[in-house]
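Engineer: If it helps, the file is called structure.txt and holds compact mmCIF, C-alpha atoms:
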```txt
# COMPACT_ATOMS: atom_id res chain seq x y z
CA MET A 148 71.39 77.69 91.19
CA ILE A 149 74.18 77.03 93.69
CA HIS A 150 76.85 79.73 93.64
CA ARG A 151 80.40 78.67 94.14
CA ALA A 152 82.38 80.35 96.91
CA PRO A 153 84.82 82.98 95.61
CA LEU A 154 88.51 82.53 94.92
CA SER A 155 91.08 83.89 97.35
CA ARG A 156 90.90 87.67 97.32
CA LYS A 157 94.57 87.89 98.30
CA LEU A 158 95.79 85.74 95.41
CA SER A 159 93.37 87.31 92.96
CA ALA A 160 95.02 90.67 93.64
CA ILE A 161 98.49 89.35 92.76
CA ALA A 162 99.75 90.23 89.28
CA GLU A 163 101.67 87.88 87.02
CA SER A 164 105.42 88.48 86.90
CA ALA A 165 105.89 91.18 84.26
CA THR A 166 109.34 90.00 83.24
CA LEU A 167 108.22 86.40 82.77
CA LYS A 168 105.12 87.61 80.89
CA VAL A 169 107.16 89.62 78.40
CA ASP A 170 109.65 86.79 77.98
CA ALA A 171 106.85 84.28 77.38
CA LYS A 172 105.35 86.54 74.70
CA ALA A 173 108.73 86.87 73.02
CA LYS A 174 109.26 83.11 73.04
CA ALA A 175 105.78 82.56 71.61
CA LEU A 176 106.54 84.93 68.74
CA LYS A 177 109.86 83.16 68.15
CA SER A 178 108.05 79.82 67.95
CA GLU A 179 105.91 81.34 65.16
CA GLY A 180 109.09 81.98 63.21
CA LYS A 181 109.44 85.69 63.92
CA PRO A 182 113.01 86.96 64.46
CA VAL A 183 112.35 88.37 67.93
CA ILE A 184 115.31 89.38 70.07
CA SER A 185 114.45 89.36 73.77
CA TYR A 186 116.12 91.41 76.47
CA ALA A 187 113.35 90.46 78.89
CA ALA A 188 114.53 87.58 81.05
CA GLY A 189 117.31 87.86 83.63
CA GLU A 190 118.80 84.56 82.54
CA PRO A 191 122.38 83.89 81.46
CA ASP A 192 122.64 82.38 78.00
CA PHE A 193 125.57 80.19 79.07
CA ALA A 194 125.33 76.49 79.86
CA THR A 195 125.78 75.49 83.48
CA PRO A 196 129.49 74.59 83.92
CA GLN A 197 130.10 70.92 83.16
CA PHE A 198 131.61 70.03 86.54
CA ILE A 199 128.34 71.11 88.18
CA VAL A 200 126.32 68.98 85.77
CA ASP A 201 128.66 66.05 86.43
CA ALA A 202 128.11 66.40 90.19
CA ALA A 203 124.36 66.22 89.61
CA ALA A 204 124.76 63.15 87.39
CA GLU A 205 126.82 61.43 90.05
CA ALA A 206 124.22 62.30 92.68
CA LEU A 207 121.59 60.50 90.62
CA HIS A 208 123.27 57.20 91.48
CA ASP A 209 123.20 57.70 95.24
CA PRO A 210 119.99 56.23 96.73
CA ALA A 211 120.26 58.65 99.67
CA ASN A 212 119.15 61.38 97.27
CA TYR A 213 115.93 59.52 96.50
CA ARG A 214 114.61 60.12 100.02
CA TYR A 215 113.36 63.03 102.08
CA THR A 216 116.19 65.08 103.50
CA PRO A 217 116.07 67.89 106.09
CA ALA A 218 113.57 70.55 105.05
CA ALA A 219 116.09 73.33 105.65
CA GLY A 220 118.62 71.77 103.27
CA LEU A 221 121.41 69.22 103.11
CA PRO A 222 123.78 69.86 106.04
CA VAL A 223 126.83 69.89 103.74
CA LEU A 224 125.25 72.51 101.48
CA ARG A 225 124.25 74.68 104.43
CA GLU A 226 127.89 74.52 105.56
CA ALA A 227 129.05 75.62 102.11
CA ILE A 228 126.54 78.49 102.10
CA ALA A 229 127.75 79.60 105.52
CA ALA A 230 131.31 79.60 104.16
CA LYS A 231 130.27 81.65 101.13
CA THR A 232 128.41 84.10 103.37
CA LEU A 233 131.58 84.65 105.39
CA ARG A 234 133.72 84.95 102.28
CA ASP A 235 131.50 87.31 100.25
CA SER A 236 129.27 89.01 102.83
CA GLY A 237 131.70 89.21 105.75
CA LEU A 238 129.22 87.55 108.11
CA GLU A 239 130.09 84.47 110.15
CA VAL A 240 127.01 82.33 110.70
CA PRO A 241 126.48 78.73 111.77
CA PRO A 242 124.88 76.42 109.19
CA ALA A 243 121.79 76.34 111.42
CA HIS A 244 121.13 79.94 110.37
CA VAL A 245 120.76 78.90 106.71
CA ILE A 246 117.70 77.61 104.85
CA VAL A 247 118.03 76.21 101.33
CA THR A 248 115.04 77.24 99.20
CA ASN A 249 113.54 76.54 95.80
CA GLY A 250 115.32 79.42 94.13
CA GLY A 251 115.87 82.92 95.42
CA LYS A 252 112.20 83.68 94.86
CA GLN A 253 111.06 81.32 97.61
CA ALA A 254 113.67 82.85 99.92
CA VAL A 255 112.26 86.32 99.21
CA TYR A 256 108.72 85.11 99.87
CA GLN A 257 109.67 83.41 103.15
CA ALA A 258 111.74 86.37 104.32
CA PHE A 259 108.73 88.68 104.11
CA GLN A 260 106.50 86.05 105.71
CA ALA A 261 108.95 85.79 108.60
CA VAL A 262 109.16 89.47 109.54
CA VAL A 263 106.06 91.25 108.21
CA ASN A 264 102.82 91.50 110.17
CA PRO A 265 99.46 92.74 108.81
CA GLY A 266 99.59 96.47 108.20
CA ASP A 267 103.36 96.78 108.50
CA GLU A 268 104.94 99.22 106.06
CA VAL A 269 107.88 97.96 104.02
CA LEU A 270 110.18 100.57 102.47
CA LEU A 271 110.80 99.52 98.89
CA PRO A 272 113.44 101.49 96.99
CA ALA A 273 112.36 101.92 93.37
CA PRO A 274 113.03 100.88 90.69
CA TYR A 275 112.49 97.45 92.26
CA TRP A 276 112.31 93.84 91.13
CA THR A 277 108.73 93.13 90.10
CA THR A 278 108.21 90.33 92.67
CA TYR A 279 108.91 92.39 95.80
CA PRO A 280 105.60 94.30 96.08
CA GLU A 281 103.61 91.14 95.44
CA ALA A 282 105.57 89.18 98.05
CA ILE A 283 105.02 92.00 100.54
CA ALA A 284 101.29 91.97 99.82
CA LEU A 285 101.17 88.20 100.33
CA ALA A 286 102.57 88.82 103.82
CA ASP A 287 99.77 91.41 104.42
CA GLY A 288 102.33 94.20 104.40
CA ILE A 289 102.11 97.56 102.67
CA PRO A 290 104.87 98.41 100.16
CA VAL A 291 106.00 102.03 100.38
CA GLU A 292 107.94 103.02 97.27
CA VAL A 293 110.94 105.31 97.62
CA PHE A 294 112.01 106.35 94.13
CA ALA A 295 115.48 107.36 92.97
CA GLY A 296 115.87 108.37 89.33
CA ALA A 297 118.71 108.23 86.84
CA ASP A 298 120.12 111.46 88.27
CA GLN A 299 120.83 109.51 91.50
CA ASP A 300 122.05 106.44 89.65
CA TYR A 301 118.81 104.85 90.93
CA LYS A 302 120.13 104.76 94.52
CA VAL A 303 118.04 106.04 97.43
CA THR A 304 119.48 108.14 100.24
CA VAL A 305 119.06 107.97 103.99
CA GLU A 306 117.19 111.28 103.78
CA GLN A 307 114.65 109.79 101.39
CA LEU A 308 114.20 106.71 103.58
CA GLU A 309 113.75 108.83 106.69
CA ALA A 310 111.15 110.98 104.92
CA ALA A 311 109.18 107.81 104.08
CA ARG A 312 109.49 106.22 107.54
CA THR A 313 106.45 106.17 109.83
CA ASP A 314 105.63 104.45 113.09
CA LYS A 315 104.36 101.53 110.95
CA THR A 316 107.69 101.03 109.15
CA THR A 317 109.21 97.68 110.12
CA VAL A 318 111.20 96.48 107.09
CA LEU A 319 113.57 97.86 104.44
CA VAL A 320 114.36 96.08 101.18
CA PHE A 321 118.00 96.59 100.17
CA VAL A 322 119.36 95.33 96.85
CA SER A 323 122.91 95.89 95.61
CA PRO A 324 123.70 95.16 92.81
CA SER A 325 120.19 96.03 91.73
CA ASN A 326 117.68 94.28 89.57
CA PRO A 327 116.46 96.10 87.44
CA THR A 328 119.03 98.91 87.29
CA GLY A 329 122.43 97.29 87.79
CA SER A 330 123.31 100.01 90.29
CA VAL A 331 125.77 99.23 93.09
CA TYR A 332 125.78 101.16 96.35
CA THR A 333 129.22 102.26 97.53
CA PRO A 334 130.43 100.87 100.86
CA GLU A 335 129.87 104.31 102.38
CA GLU A 336 126.29 104.51 101.10
CA THR A 337 125.61 100.98 102.32
CA LYS A 338 127.00 101.77 105.77
CA ALA A 339 124.89 104.92 106.11
CA ILE A 340 121.70 103.04 105.23
CA GLY A 341 122.60 100.16 107.54
CA GLN A 342 123.27 102.46 110.48
CA TRP A 343 119.95 104.22 109.86
CA ALA A 344 118.08 100.88 109.88
CA LEU A 345 119.92 99.81 113.06
CA GLU A 346 119.06 103.05 114.81
CA HIS A 347 115.36 102.63 114.12
CA GLY A 348 115.09 98.87 114.77
CA ILE A 349 114.06 98.16 111.18
CA TRP A 350 114.45 94.72 109.65
CA VAL A 351 116.51 94.61 106.46
CA ILE A 352 115.87 92.06 103.72
CA SER A 353 119.01 92.24 101.58
CA ASP A 354 118.92 90.49 98.21
CA GLU A 355 122.52 89.60 97.32
CA ILE A 356 121.97 87.27 94.39
CA TYR A 357 124.04 89.47 92.06
CA GLN A 358 126.84 90.19 94.54
CA ASN A 359 129.50 88.37 92.48
CA LEU A 360 128.58 90.12 89.22
CA VAL A 361 130.30 93.49 89.55
CA TYR A 362 132.52 95.47 87.18
CA GLU A 363 135.11 98.26 86.93
CA GLY A 364 136.57 97.35 90.29
CA ALA A 365 133.28 97.87 92.11
CA ARG A 366 132.48 95.77 95.16
CA ALA A 367 128.99 95.11 96.42
CA ALA A 368 129.61 95.41 100.15
CA SER A 369 127.07 93.48 102.18
CA ILE A 370 125.04 95.62 104.55
CA VAL A 371 125.95 93.26 107.42
CA GLU A 372 129.62 93.68 106.62
CA ALA A 373 129.23 97.46 106.56
CA VAL A 374 127.31 97.42 109.86
CA PRO A 375 128.01 94.14 111.70
CA GLU A 376 125.59 95.02 114.53
CA LEU A 377 122.77 94.85 111.98
CA ALA A 378 123.06 91.07 111.61
CA GLY A 379 120.43 90.50 114.31
CA GLN A 380 117.78 92.23 112.19
CA THR A 381 118.84 91.27 108.66
CA ILE A 382 117.90 88.43 106.35
CA LEU A 383 120.23 87.81 103.41
CA VAL A 384 118.76 86.26 100.26
CA ASN A 385 120.97 84.63 97.65
CA GLY A 386 121.31 81.71 95.25
CA VAL A 387 123.33 80.04 92.50
CA ALA A 388 121.10 81.04 89.58
CA LYS A 389 122.88 84.12 88.23
CA THR A 390 126.57 83.59 89.01
CA TYR A 391 126.64 79.98 87.78
CA ALA A 392 124.01 80.05 84.99
CA MET A 393 121.72 77.80 87.05
CA THR A 394 118.35 79.55 86.78
CA GLY A 395 116.49 76.33 86.05
CA TRP A 396 118.07 74.35 88.88
CA ARG A 397 116.06 76.34 91.44
CA VAL A 398 118.42 76.56 94.39
CA GLY A 399 118.50 79.65 96.58
CA TRP A 400 118.85 80.33 100.27
CA MET A 401 118.17 82.69 103.12
CA VAL A 402 120.52 83.52 106.00
CA GLY A 403 119.40 85.26 109.16
CA PRO A 404 119.19 85.32 112.95
CA ALA A 405 118.01 82.19 114.72
CA ASP A 406 114.47 83.35 115.50
CA ALA A 407 113.72 84.47 111.93
CA ILE A 408 115.21 81.29 110.47
CA LYS A 409 113.16 79.21 112.90
CA VAL A 410 109.81 80.64 111.79
CA ALA A 411 110.80 80.55 108.12
CA GLY A 412 111.94 76.96 108.53
CA ASN A 413 108.60 76.02 110.08
CA LEU A 414 106.88 77.57 107.05
CA GLN A 415 109.06 75.69 104.59
CA SER A 416 108.45 72.40 106.39
CA HIS A 417 104.79 72.75 105.40
CA LEU A 418 105.20 74.65 102.14
CA SER A 419 107.71 72.56 100.19
CA SER A 420 109.93 70.49 102.49
CA ASN A 421 113.41 69.88 101.09
CA VAL A 422 114.66 71.24 97.79
CA ASN A 423 115.39 68.64 95.11
CA ASN A 424 118.43 66.74 96.38
CA ILE A 425 120.10 66.46 92.97
CA ALA A 426 119.91 70.22 92.51
CA GLN A 427 121.30 70.72 96.02
CA ARG A 428 124.29 68.54 95.15
CA ALA A 429 124.81 70.59 92.00
CA ALA A 430 124.71 73.80 94.04
CA LEU A 431 127.26 72.33 96.45
CA ALA A 432 129.62 71.69 93.54
CA ALA A 433 129.09 75.25 92.28
CA LEU A 434 130.01 76.81 95.62
CA THR A 435 132.95 74.57 96.45
CA GLY A 436 134.38 73.84 93.00
CA PRO A 437 136.59 75.91 90.69
CA GLN A 438 135.33 79.43 90.00
CA THR A 439 137.10 79.80 86.65
CA GLU A 440 133.99 79.48 84.46
CA ALA A 441 131.97 81.79 86.68
CA GLU A 442 134.69 84.40 86.23
CA GLN A 443 134.70 83.86 82.47
CA MET A 444 130.94 84.49 82.41
CA ARG A 445 131.40 87.65 84.46
CA LEU A 446 133.98 88.93 82.00
CA ALA A 447 131.60 88.22 79.12
CA PHE A 448 128.84 90.14 80.89
CA ASP A 449 131.24 93.02 81.39
CA ARG A 450 132.05 93.11 77.67
CA ARG A 451 128.36 93.08 76.78
CA ARG A 452 127.63 95.75 79.38
CA LYS A 453 130.08 98.15 77.78
CA LEU A 454 128.66 97.45 74.33
CA ILE A 455 124.99 97.92 75.17
CA VAL A 456 125.60 101.10 77.19
CA ALA A 457 127.61 102.63 74.35
CA GLU A 458 125.07 101.69 71.68
CA LEU A 459 121.97 102.76 73.60
CA ALA A 460 123.60 106.12 74.31
CA LYS A 461 123.60 106.79 70.54
CA ILE A 462 119.78 107.01 70.51
CA PRO A 463 118.59 110.64 70.84
CA GLY A 464 116.34 111.10 73.87
CA VAL A 465 117.82 108.14 75.78
CA THR A 466 119.92 108.58 78.95
CA VAL A 467 121.92 105.56 80.11
CA PRO A 468 123.45 105.51 83.61
CA ASN A 469 126.47 103.20 83.76
CA PRO A 470 125.51 100.00 85.63
CA LEU A 471 128.29 98.51 87.75
CA GLY A 472 126.63 95.21 88.62
CA ALA A 473 124.18 92.44 87.66
CA PHE A 474 123.44 92.13 83.91
CA TYR A 475 120.85 94.83 83.31
CA VAL A 476 120.84 98.31 81.84
CA TYR A 477 118.00 100.67 82.77
CA PRO A 478 117.87 103.59 80.33
CA ASP A 479 115.79 106.69 81.02
CA VAL A 480 113.65 106.97 77.86
CA ARG A 481 111.36 109.83 78.86
CA GLY A 482 112.78 111.72 75.88
CA LEU A 483 111.01 109.23 73.59
CA LEU A 484 107.58 109.70 75.18
CA GLY A 485 104.87 112.17 74.24
CA ARG A 486 105.71 111.66 70.59
CA SER A 487 104.46 109.73 67.58
CA TRP A 488 106.60 106.92 66.21
CA ARG A 489 105.66 105.34 62.86
CA GLY A 490 102.18 106.75 63.21
CA THR A 491 101.65 105.58 66.80
CA GLN A 492 101.38 108.04 69.67
CA VAL A 493 103.49 106.87 72.62
CA ASP A 494 102.96 108.40 76.08
CA THR A 495 104.05 105.62 78.45
CA THR A 496 106.75 102.99 78.47
CA LEU A 497 104.06 100.31 78.40
CA GLU A 498 103.06 101.72 75.01
CA LEU A 499 106.72 102.14 74.03
CA ALA A 500 107.54 98.51 74.79
CA ASP A 501 104.56 97.38 72.69
CA LEU A 502 105.70 99.59 69.82
CA ILE A 503 109.26 98.23 70.04
CA LEU A 504 108.00 94.64 69.93
CA ASP A 505 105.62 95.33 67.03
CA GLU A 506 107.91 97.51 64.91
CA ALA A 507 111.42 96.25 65.76
CA GLU A 508 110.63 92.73 67.00
CA VAL A 509 112.61 93.43 70.16
CA ALA A 510 111.28 92.53 73.61
CA VAL A 511 112.06 94.87 76.52
CA VAL A 512 110.37 95.28 79.91
CA PRO A 513 108.67 98.64 80.58
CA GLY A 514 109.42 100.68 83.68
CA GLU A 515 105.87 100.24 84.97
CA ALA A 516 106.90 96.70 86.01
CA PHE A 517 109.50 98.16 88.37
CA GLY A 518 108.03 101.49 89.46
CA PRO A 519 107.32 104.71 87.54
CA SER A 520 106.91 104.92 83.77
CA GLY A 521 109.70 106.44 81.71
CA TYR A 522 112.29 103.65 81.80
CA LEU A 523 113.07 100.32 80.14
CA ARG A 524 114.93 97.29 81.45
CA LEU A 525 117.15 95.39 79.08
CA SER A 526 119.05 92.30 80.17
CA TYR A 527 122.37 91.85 78.40
CA ALA A 528 122.61 88.20 79.42
CA LEU A 529 122.16 87.09 75.81
CA GLY A 530 124.52 86.32 72.93
CA ASP A 531 126.82 89.09 71.67
CA ASP A 532 125.49 89.07 68.10
CA GLN A 533 121.84 89.24 69.16
CA LEU A 534 122.64 91.94 71.70
CA LEU A 535 124.14 94.23 69.06
CA GLU A 536 121.50 93.53 66.43
CA GLY A 537 118.67 94.27 68.86
CA VAL A 538 120.08 97.66 69.82
CA GLN A 539 120.71 98.48 66.17
CA ARG A 540 117.04 97.82 65.49
CA LEU A 541 116.19 100.34 68.24
CA GLN A 542 118.60 102.85 66.71
CA GLN A 543 116.82 102.48 63.36
CA LEU A 544 113.38 102.79 64.95
CA PHE A 545 114.20 105.95 66.90
CA GLY A 546 116.96 107.42 64.73
```
Could you write out this structure as structure tokens?
Structural biologist:
Amino acid sequence: MIHRAPLSRKLSAIAESATLKVDAKAKALKSEGKPVISYAAGEPDFATPQFIVDAAAEALHDPANYRYTPAAGLPVLREAIAAKTLRDSGLEVPPAHVIVTNGGKQAVYQAFQAVVNPGDEVLLPAPYWTTYPEAIALADGIPVEVFAGADQDYKVTVEQLEAARTDKTTVLVFVSPSNPTGSVYTPEETKAIGQWALEHGIWVISDEIYQNLVYEGARAASIVEAVPELAGQTILVNGVAKTYAMTGWRVGWMVGPADAIKVAGNLQSHLSSNVNNIAQRAALAALTGPQTEAEQMRLAFDRRRKLIVAELAKIPGVTVPNPLGAFYVYPDVRGLLGRSWRGTQVDTTLELADLILDEAEVAVVPGEAFGPSGYLRLSYALGDDQLLEGVQRLQQLFG
């Protein structure tokens, strides 16, 4: 018998996205007619604003969009991204320092590929987005988790980062506002971390995709605005998905120094070439058009944020830090563990999430997807009525 050669060991070690897995399970149960309410996916429930859709429809009639375009993105869109980067991140960059990617996820992947070498250690503040450790591993790097709990509002300190740094540390992941916690670093905290990274020559990959979704007067200061000298060793990752309800359009970008953008651009030229031109035209409209509807969505998220925080706080054993950004709440539910609920012993949040889905028909993502057990992520980017009903089911289950 002839034995087939094995599959890639690297890819075989990569886990499926936990958030997408939970969301897919919830959708499958819904399709069976079960009244499942899902807090799993980080996806706005709003329609993409009509003027953006209209721009895409108009682009369909331009034959220039039927052809290959520059792999790094349409020049006019790269100009608009550079303008947004100056406006919201305080960094002036030429369009040549921008690459348009297939969603923020591709930008994250290429950023790690650009600056991580085999064996490099990447400091990864936890709780973290589930894709980061896998993307680091695909670049042959080693993720080093630095955990900050609810008592720190899930924000790491310079002291913690310094304690984790070794002579193999080359990259820091910085995310504010945070997925999964919604935490926002203050400008002072951001500056301290940026100065520390600058002092030690550490690359920073800063995911800013939620930077426009902030509340209570908070501002997500960009790390390159806080420490301008850091721009030569920072890659910014962003996209239109969250602010403009465009998750399915798949348009993100990365911004960085010329040498990092050059190597990432070479990779993209072989990996995917240009992003869909129609989607790029839609993204251009989003960035350059009226921001009224984006602001209306932000206000709706703010209303939902207040509601879900207040209602979750009514559950005994649940601690809910107040998130100031994104559209997630990350309650500390360790007070619910080590107990039996409806005849089922629950010791981890993996088990807790299964119990919640089985008993309350509510889908949440367990903390194990983002770091240590003991926490749950709930996205409040869903309709107001469903949001309240889902939390009320949890109140009944654990009341």
Engineer: Pick from A:Asn469, A:Asn359, A:Asn385, A:Gln539: nearest to Glu442 (chain A), with all atoms listed in the file counted?
Structural biologist: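 Among the listed residues, the smallest separation from Glu442 (chain A) belongs to A:Asn359.
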Engineer: Which residues are close to Val402 (chain A), i.e. within 12 Å by all atoms listed in the file, leaving aside same-chain residues fewer than 6 positions away? Reply as a ChimeraX atom specification.
Structural biologist: /A:219,225-226,228-233,236,238-248,251,254-255,257-258,351-355,371,378-386,408-409,411-412
Engineer: How far is it from CA of Ala282 (chain A) to CA of Phe259 (chain A), in Å with one decimal?
Structural biologist: 6.9 Å
Engineer: Would you mind reading off the distance between CA of Gly472 (chain A) and CA of Ser323 (chain A), one decimal, in Å?
Structural biologist: 7.9 Å
Engineer: Hey, can you check how far CA of Thr328 (chain A) sits from CA of Val476 (chain A)?
Structural biologist: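 Separation of CA of Thr328 (chain A) and CA of Val476 (chain A): 5.8 Å.
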Engineer: Which neighbours of Asn326 (chain A) fall inside 9 Å, counting only C-alpha atoms, when residues of the same chain fewer than 3 positions from it are skipped, and could you give them as a ChimeraX atom specification?
Structural biologist: /A:189,274-276,322-323,329-330,357,473-475
Engineer: Could you dump the residues just selected with C-alpha atoms as a JSON list (two decimals), in the coordinates of the input?
Structural biologist:
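The result, stored in part-v5.json:
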```json
[["chain", "number", "residue", "atom", "x", "y", "z"],
["A", 189, "GLY", "CA", 117.31, 87.86, 83.63],
["A", 274, "PRO", "CA", 113.03, 100.88, 90.69],
["A", 275, "TYR", "CA", 112.49, 97.45, 92.26],
["A", 276, "TRP", "CA", 112.31, 93.84, 91.13],
["A", 322, "VAL", "CA", 119.36, 95.33, 96.85],
["A", 323, "SER", "CA", 122.91, 95.89, 95.61],
["A", 329, "GLY", "CA", 122.43, 97.29, 87.79],
["A", 330, "SER", "CA", 123.31, 100.01, 90.29],
["A", 357, "TYR", "CA", 124.04, 89.47, 92.06],
["A", 473, "ALA", "CA", 124.18, 92.44, 87.66],
["A", 474, "PHE", "CA", 123.44, 92.13, 83.91],
["A", 475, "TYR", "CA", 120.85, 94.83, 83.31]]
```
Engineer: Pick out the closest residue to Asp287 (chain A) from this set: A:Ala500, A:Ile161, A:Ile370, A:Ala194. Count all atoms listed in the file.
Structural biologist: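 Between A:Ala500, A:Ile161, A:Ile370, A:Ala194, the residue approaching Asp287 (chain A) most closely is A:Ile161.
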Engineer: Once 3 Å is added on each side, what centre and edge lengths in Å to one decimal does the axis-aligned box around all listed atoms of region 345-350 of chain A have, as JSON?
Structural biologist:
```
{"center_x": 117.0, "center_y": 98.9, "center_z": 112.2, "size_x": 11.9, "size_y": 14.3, "size_z": 11.2}
```
Engineer: Take the point (115.2, 99.6, 99.0) in the file's coordinates, draw a sphere of radius 9 Å around it, and report as a ChimeraX atom specification every protein, DNA or RNA residue with an atom inside or on it, counting all atoms listed in the file.
Structural biologist: /A:270-275,292-294,302-303,308,319-322,352-353
Engineer: Around (134.9, 100.3, 95.5) in the file's frame, which residues reach within 12 Å when counting only C-alpha atoms? Return as a list in words?
Structural biologist: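 Residues lying no farther than 12 Å from the given point: Val331, Tyr332, Thr333, Pro334, Glu335, Glu336, Thr337, Val361, Tyr362, Glu363, Gly364, Ala365, Arg366, Ala367, Ala368, Leu471 and Gly472 of chain A.
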Engineer: Pick from A:Leu534, A:Glu309, A:Asn421, A:Glu498: nearest to Val456 (chain A), with only C-alpha atoms counted?
Structural biologist: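 Comparing A:Leu534, A:Glu309, A:Asn421, A:Glu498 against Val456 (chain A), the winner is A:Leu534.
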Engineer: Considering all atoms listed in the file, state which residue in the set A:Leu154, A:Val291, A:Tyr279, A:Thr166 is at the smallest distance from Lys252 (chain A).
Structural biologist: A:Tyr279
Engineer: Using all atoms listed in the file, which residues sit within 9 Å of Thr394 (chain A) once same-chain residues fewer than 2 positions away are excluded, as a list in words?
Structural biologist: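 With the cut-off at 9 Å, the set is Gly189, Glu190, Pro191, Gly250, Val387, Ala388, Lys389, Tyr391, Ala392, Trp396, Arg397 and Val398 of chain A.
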Engineer: Output C-alpha atoms of each residue in that selection to a file, as a CSV table (one decimal), in the coordinates of the input.
Structural biologist:
```
chain,number,residue,atom,x,y,z
A,189,GLY,CA,117.3,87.9,83.6
A,190,GLU,CA,118.8,84.6,82.5
A,191,PRO,CA,122.4,83.9,81.5
A,250,GLY,CA,115.3,79.4,94.1
A,387,VAL,CA,123.3,80.0,92.5
A,388,ALA,CA,121.1,81.0,89.6
A,389,LYS,CA,122.9,84.1,88.2
A,391,TYR,CA,126.6,80.0,87.8
A,392,ALA,CA,124.0,80.0,85.0
A,396,TRP,CA,118.1,74.4,88.9
A,397,ARG,CA,116.1,76.3,91.4
A,398,VAL,CA,118.4,76.6,94.4
```
Engineer: If you count all atoms listed in the file, which residues fall within 10 Å of region 460-467 of chain A, apart from same-chain ones fewer than 4 positions away, as a list of chain:residue names?
Structural biologist: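 Counting all atoms listed in the file, the residues come to A:Ala297, A:Asp298, A:Asp300, A:Ile455, A:Val456, A:Val476, A:Tyr477, A:Pro478, A:Asp479, A:Val480, A:Arg481, A:Gly482, A:Leu483, A:Leu484, A:Tyr522, A:Val538, A:Gln539, A:Leu541, A:Gln542, A:Gln543, A:Leu544, A:Phe545, A:Gly546.
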Engineer: Using only C-alpha atoms, pick whichever of A:Thr216, A:Leu285, A:Ala165, A:Glu508 has the shortest atom-to-atom distance to Gly180 (chain A).
Structural biologist: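 Of all the options, A:Glu508 lies closest to Gly180 (chain A).
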Engineer: Within 12 Å of Pro265 (chain A), counting all atoms listed in the file, which residues show up once you throw out same-chain ones fewer than 3 positions away? Write them as a PyMOL selection string, please.
Structural biologist: chain A and resi 259-262+268-269+283-290+315-317
Engineer: Pick from A:Thr304, A:Thr313, A:Asn413, A:Asn423: nearest to Lys338 (chain A), with only C-alpha atoms counted?
Structural biologist: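 Among A:Thr304, A:Thr313, A:Asn413, A:Asn423, it is A:Thr304 that comes nearest to Lys338 (chain A).
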